[in-house]
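Trainee: Here you go, one structure.
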Amino acid sequence: SFALQAAEHRAVREAVGMLDVSLMAKFLVQGRDAEAVLNRICANDVAVPVGRVVYTQWLNERGGIEADLTVTRLGEGRFLVVVTDLVHRRIAPWIERHAPEGAHVTVTDVTSGTTLLTIQGPRSRELLQRLTSADLSNDAFPYLTAREIDVHYARVLAMRVTYVGELGWELHIPAEFSLTVYDALMEAGADLGYRNVGLGAMNSLRLEKAYRDYGLDIDNTDTPLDVGLGFAVAWDKPGGFIGREALLARRHAGPPRRRL
């Protein structure tokens, strides 16, 4: 009911909530050419230090958005791509199709191996700090960084990102540990106003923050300029990216006639 959704929405804005978004598709992209291949496909620049999360779009030759995702650098030749379930089956073929002949890169679908719990809200740091020895302070763990930390008994990839416009972390938990971590979060958050939050509330939260939903607000007929995502385009990175020429032409033609 709407009353339940409203309570979940408020929990995230005022305390802390957990959204199970294991439905997100997750891919490891690895190999000595992984950075070069991904940088050609991504409109943003993924040649970043290890532990950085990059928000980016994948474009077609017309500049239309084929995918809206994060790319996290886990190592020299090792990246994690996290994208909506809607385009799950398109991701590996897209990378393989756009990798040059002989490129050293592999794509592994790791979606079923991890549970993805995202802990969001002003008290998320307080909650997680109770379950980890890692320093979660702003200086030690800034926005858009990722690192492996302990959470209760599990080793977890924690990414400081949000889809609801709050302080929070995405926890990529090995599936066999997820129930233990879930229970530990419930117990540790009991006095913090912690509650489970569903996708209905996630939708109202992200709408309130004006975050786009791929497949609903944007699709492959929209360019980043049409939907206010120009900030995520690395126009001048070496080697360019797929769709750059079309996007430049669109930019030179003046402001878009319609804009989301």
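By convention in this document, the chains of the structure tokens carry letters A, B, ... by their order, each chain's residues are numbered from 1, and ligands are numbered from 1 in the order they are shown.
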Quick one: contact table of range 76-172 of chain A to range 207-215 of chain A, 8 Å max, nearest atom pair and distance in Å to one decimal per residue, counting only C-alpha atoms, chain and number order, as a Markdown table?

Mentor:
| residue | atom | partner | partner_atom | distance |
| --- | --- | --- | --- | --- |
| A:Thr84 | CA | A:Tyr214 | CA | 7.6 |
| A:Leu86 | CA | A:Gly215 | CA | 7.5 |
| A:Tyr163 | CA | A:Tyr211 | CA | 7.0 |
| A:Val164 | CA | A:Lys209 | CA | 6.6 |
| A:Gly165 | CA | A:Lys209 | CA | 5.9 |

Trainee: List every residue of range 60-103 of chain A that DSSP, applied to the backbone of this structure, places in helix (DSSP H, G or I), and write the result as a PyMOL selection string.

Mentor: chain A and resi 85-98

Trainee: Could those selected residues go to a file with C-alpha atoms, as a PDB file, in the first residue's frame?

Mentor:
ATOM      1  CA  ASP A  85      18.552  -6.019 -15.397  1.00  0.00           C
ATOM      2  CA  LEU A  86      16.733  -4.633 -18.452  1.00  0.00           C
ATOM      3  CA  VAL A  87      19.886  -4.808 -20.599  1.00  0.00           C
ATOM      4  CA  HIS A  88      21.468  -7.819 -18.863  1.00  0.00           C
ATOM      5  CA  ARG A  89      21.705  -9.913 -22.047  1.00  0.00           C
ATOM      6  CA  ARG A  90      23.061  -7.049 -24.163  1.00  0.00           C
ATOM      7  CA  ILE A  91      26.178  -6.309 -22.144  1.00  0.00           C
ATOM      8  CA  ALA A  92      28.550  -9.174 -23.017  1.00  0.00           C
ATOM      9  CA  PRO A  93      27.676  -9.146 -26.763  1.00  0.00           C
ATOM     10  CA  TRP A  94      28.110  -5.355 -26.885  1.00  0.00           C
ATOM     11  CA  ILE A  95      31.614  -5.573 -25.418  1.00  0.00           C
ATOM     12  CA  GLU A  96      32.571  -8.519 -27.637  1.00  0.00           C
ATOM     13  CA  ARG A  97      31.212  -6.803 -30.760  1.00  0.00           C
ATOM     14  CA  HIS A  98      33.153  -3.609 -30.079  1.00  0.00           C
TER      15      HIS A  98
END

Trainee: Can you tell me how far CA of Ala103 in chain A sits from CA of Leu38 in chain A, in Å to one decimal?

Mentor: 11.4 Å

Trainee: Sorted by chain and rising residue number, which residues of range 17-94 of chain A lie within 9 Å of range 132-154 of chain A, and what are their closest atom pairs and distances in Å to one decimal, counting only C-alpha atoms, as a tab-separated table?

Mentor:
residue	atom	partner	partner_atom	distance
A:Val50	CA	A:Ala146	CA	8.5
A:Gly51	CA	A:Ala146	CA	4.8
A:Arg52	CA	A:Thr145	CA	4.7
A:Val53	CA	A:Leu144	CA	4.9
A:Val54	CA	A:Leu144	CA	7.1
A:Tyr55	CA	A:Leu144	CA	8.7
A:Thr72	CA	A:Ala146	CA	7.3
A:Arg73	CA	A:Ala146	CA	8.3
A:Leu74	CA	A:Ala146	CA	8.0

Trainee: List as a PyMOL selection string the protein and nucleic acid residues near range 240-243 of chain A, meaning an atom at most 9 Å away when only C-alpha atoms are counted, but skip any in the same chain fewer than 2 places from it.

Mentor: chain A and resi 39-44+58-64+234-238+245-248

Trainee: Output C-alpha atoms for every residue in the selection just made, as an mmCIF file, in the first residue's frame.

Mentor:
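Produced file again-v3.cif, reproduced below:
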data_model
loop_
_atom_site.group_PDB
_atom_site.id
_atom_site.type_symbol
_atom_site.label_atom_id
_atom_site.label_comp_id
_atom_site.auth_asym_id
_atom_site.auth_seq_id
_atom_site.Cartn_x
_atom_site.Cartn_y
_atom_site.Cartn_z
ATOM 1 C CA ASN A 39 37.126 3.350 -22.699
ATOM 2 C CA ARG A 40 36.105 3.105 -26.345
ATOM 3 C CA ILE A 41 32.615 1.929 -25.350
ATOM 4 C CA CYS A 42 32.054 4.276 -22.386
ATOM 5 C CA ALA A 43 31.282 7.955 -22.972
ATOM 6 C CA ASN A 44 32.993 8.789 -19.675
ATOM 7 C CA TRP A 58 27.264 3.468 -23.543
ATOM 8 C CA LEU A 59 26.217 5.123 -26.791
ATOM 9 C CA ASN A 60 25.458 3.936 -30.304
ATOM 10 C CA GLU A 61 26.847 5.653 -33.415
ATOM 11 C CA ARG A 62 23.901 8.092 -33.376
ATOM 12 C CA GLY A 63 24.764 9.171 -29.832
ATOM 13 C CA GLY A 64 21.751 7.330 -28.383
ATOM 14 C CA ALA A 234 34.508 12.853 -21.337
ATOM 15 C CA TRP A 235 34.556 14.812 -24.613
ATOM 16 C CA ASP A 236 38.325 15.043 -25.006
ATOM 17 C CA LYS A 237 39.655 11.736 -23.717
ATOM 18 C CA PRO A 238 42.315 10.130 -25.931
ATOM 19 C CA GLU A 245 30.911 12.549 -33.605
ATOM 20 C CA ALA A 246 27.112 12.430 -33.490
ATOM 21 C CA LEU A 247 27.140 13.918 -29.993
ATOM 22 C CA LEU A 248 29.492 16.742 -31.027
#

Trainee: Mind pulling up the distance from CA of Val29 in chain A to CA of Val81 in chain A?

Mentor: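 Value for the CA of Val81 in chain A-CA of Val29 in chain A distance: 7.3 Å.
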
Trainee: Could you pull out the residues in range 14-48 of chain A that DSSP calls strand (DSSP E or B) from the backbone, as an MDAnalysis selection string?

Mentor: chainID A and resid 16:20 25:30 42

Trainee: Atoms to include: all heavy atoms. Write the selected residues as a JSON list (two decimals), in the first residue's frame.

Mentor:
[["chain", "number", "residue", "atom", "x", "y", "z"],
["A", 16, "VAL", "N", 17.75, 4.99, 8.00],
["A", 16, "VAL", "CA", 18.53, 4.12, 7.11],
["A", 16, "VAL", "C", 17.64, 2.98, 6.62],
["A", 16, "VAL", "O", 16.82, 2.45, 7.37],
["A", 16, "VAL", "CB", 19.80, 3.58, 7.83],
["A", 16, "VAL", "CG1", 19.47, 2.86, 9.13],
["A", 16, "VAL", "CG2", 20.63, 2.67, 6.90],
["A", 17, "GLY", "N", 17.79, 2.64, 5.34],
["A", 17, "GLY", "CA", 17.02, 1.55, 4.76],
["A", 17, "GLY", "C", 17.91, 0.68, 3.89],
["A", 17, "GLY", "O", 18.98, 1.09, 3.47],
["A", 18, "MET", "N", 17.45, -0.55, 3.65],
["A", 18, "MET", "CA", 18.19, -1.49, 2.82],
["A", 18, "MET", "C", 17.33, -1.89, 1.62],
["A", 18, "MET", "O", 16.18, -2.28, 1.77],
["A", 18, "MET", "CB", 18.55, -2.73, 3.62],
["A", 18, "MET", "CG", 19.44, -3.72, 2.86],
["A", 18, "MET", "SD", 18.53, -4.79, 1.72],
["A", 18, "MET", "CE", 17.68, -5.85, 2.85],
["A", 19, "LEU", "N", 17.90, -1.75, 0.42],
["A", 19, "LEU", "CA", 17.23, -2.18, -0.80],
["A", 19, "LEU", "C", 17.99, -3.37, -1.37],
["A", 19, "LEU", "O", 19.20, -3.28, -1.58],
["A", 19, "LEU", "CB", 17.19, -1.05, -1.83],
["A", 19, "LEU", "CG", 16.46, 0.23, -1.41],
["A", 19, "LEU", "CD1", 17.45, 1.30, -0.98],
["A", 19, "LEU", "CD2", 15.63, 0.76, -2.56],
["A", 20, "ASP", "N", 17.28, -4.46, -1.58],
["A", 20, "ASP", "CA", 17.91, -5.62, -2.22],
["A", 20, "ASP", "C", 17.79, -5.43, -3.73],
["A", 20, "ASP", "O", 16.72, -5.58, -4.30],
["A", 20, "ASP", "CB", 17.19, -6.90, -1.78],
["A", 20, "ASP", "CG", 17.83, -8.15, -2.38],
["A", 20, "ASP", "OD1", 18.64, -8.03, -3.33],
["A", 20, "ASP", "OD2", 17.51, -9.26, -1.92],
["A", 25, "ALA", "N", 22.48, -6.42, -13.11],
["A", 25, "ALA", "CA", 23.41, -7.31, -13.80],
["A", 25, "ALA", "C", 24.84, -6.87, -13.49],
["A", 25, "ALA", "O", 25.14, -5.67, -13.48],
["A", 25, "ALA", "CB", 23.16, -7.25, -15.30],
["A", 26, "LYS", "N", 25.71, -7.85, -13.25],
["A", 26, "LYS", "CA", 27.09, -7.56, -12.84],
["A", 26, "LYS", "C", 28.07, -8.37, -13.69],
["A", 26, "LYS", "O", 27.90, -9.58, -13.82],
["A", 26, "LYS", "CB", 27.26, -7.88, -11.35],
["A", 26, "LYS", "CG", 26.30, -7.09, -10.46],
["A", 26, "LYS", "CD", 26.29, -7.54, -9.01],
["A", 26, "LYS", "CE", 25.44, -8.76, -8.72],
["A", 26, "LYS", "NZ", 23.98, -8.52, -8.74],
["A", 27, "PHE", "N", 29.05, -7.69, -14.24],
["A", 27, "PHE", "CA", 30.02, -8.34, -15.13],
["A", 27, "PHE", "C", 31.44, -7.95, -14.75],
["A", 27, "PHE", "O", 31.72, -6.77, -14.55],
["A", 27, "PHE", "CB", 29.79, -7.91, -16.60],
["A", 27, "PHE", "CG", 28.48, -8.38, -17.17],
["A", 27, "PHE", "CD1", 27.32, -7.65, -16.97],
["A", 27, "PHE", "CD2", 28.41, -9.56, -17.90],
["A", 27, "PHE", "CE1", 26.11, -8.08, -17.48],
["A", 27, "PHE", "CE2", 27.20, -9.99, -18.42],
["A", 27, "PHE", "CZ", 26.05, -9.26, -18.21],
["A", 28, "LEU", "N", 32.32, -8.95, -14.71],
["A", 28, "LEU", "CA", 33.75, -8.67, -14.59],
["A", 28, "LEU", "C", 34.32, -8.57, -16.00],
["A", 28, "LEU", "O", 34.12, -9.48, -16.82],
["A", 28, "LEU", "CB", 34.46, -9.80, -13.83],
["A", 28, "LEU", "CG", 34.41, -9.74, -12.31],
["A", 28, "LEU", "CD1", 35.08, -10.99, -11.74],
["A", 28, "LEU", "CD2", 35.07, -8.49, -11.75],
["A", 29, "VAL", "N", 35.00, -7.48, -16.29],
["A", 29, "VAL", "CA", 35.67, -7.30, -17.58],
["A", 29, "VAL", "C", 37.16, -7.27, -17.27],
["A", 29, "VAL", "O", 37.64, -6.39, -16.54],
["A", 29, "VAL", "CB", 35.21, -6.01, -18.27],
["A", 29, "VAL", "CG1", 35.87, -5.87, -19.64],
["A", 29, "VAL", "CG2", 33.69, -6.00, -18.43],
["A", 30, "GLN", "N", 37.89, -8.26, -17.82],
["A", 30, "GLN", "CA", 39.28, -8.44, -17.42],
["A", 30, "GLN", "C", 40.20, -8.66, -18.62],
["A", 30, "GLN", "O", 39.75, -9.09, -19.68],
["A", 30, "GLN", "CB", 39.38, -9.66, -16.49],
["A", 30, "GLN", "CG", 38.53, -9.53, -15.24],
["A", 30, "GLN", "CD", 38.55, -10.79, -14.40],
["A", 30, "GLN", "OE1", 39.31, -10.88, -13.44],
["A", 30, "GLN", "NE2", 37.74, -11.76, -14.76],
["A", 42, "CYS", "N", 32.63, 3.35, -23.37],
["A", 42, "CYS", "CA", 32.05, 4.28, -22.39],
["A", 42, "CYS", "C", 32.22, 5.73, -22.83],
["A", 42, "CYS", "O", 33.29, 6.11, -23.30],
["A", 42, "CYS", "CB", 32.75, 4.12, -21.03],
["A", 42, "CYS", "SG", 32.52, 2.50, -20.27]]

Trainee: Considering only C-alpha atoms, can you say which of A:Leu23, A:Leu131, A:Leu199, A:Val37 comes closest to Glu8 in chain A?

Mentor: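 Among the listed residues, A:Leu199 lies closest to Glu8 in chain A.
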
Trainee: Looking at only C-alpha atoms, which of A:Glu101, A:Leu225, A:Asp183, A:Val12 is the one that sits closest to Thr162 in chain A?

Mentor: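 Smallest distance to Thr162 in chain A is found for A:Val12.
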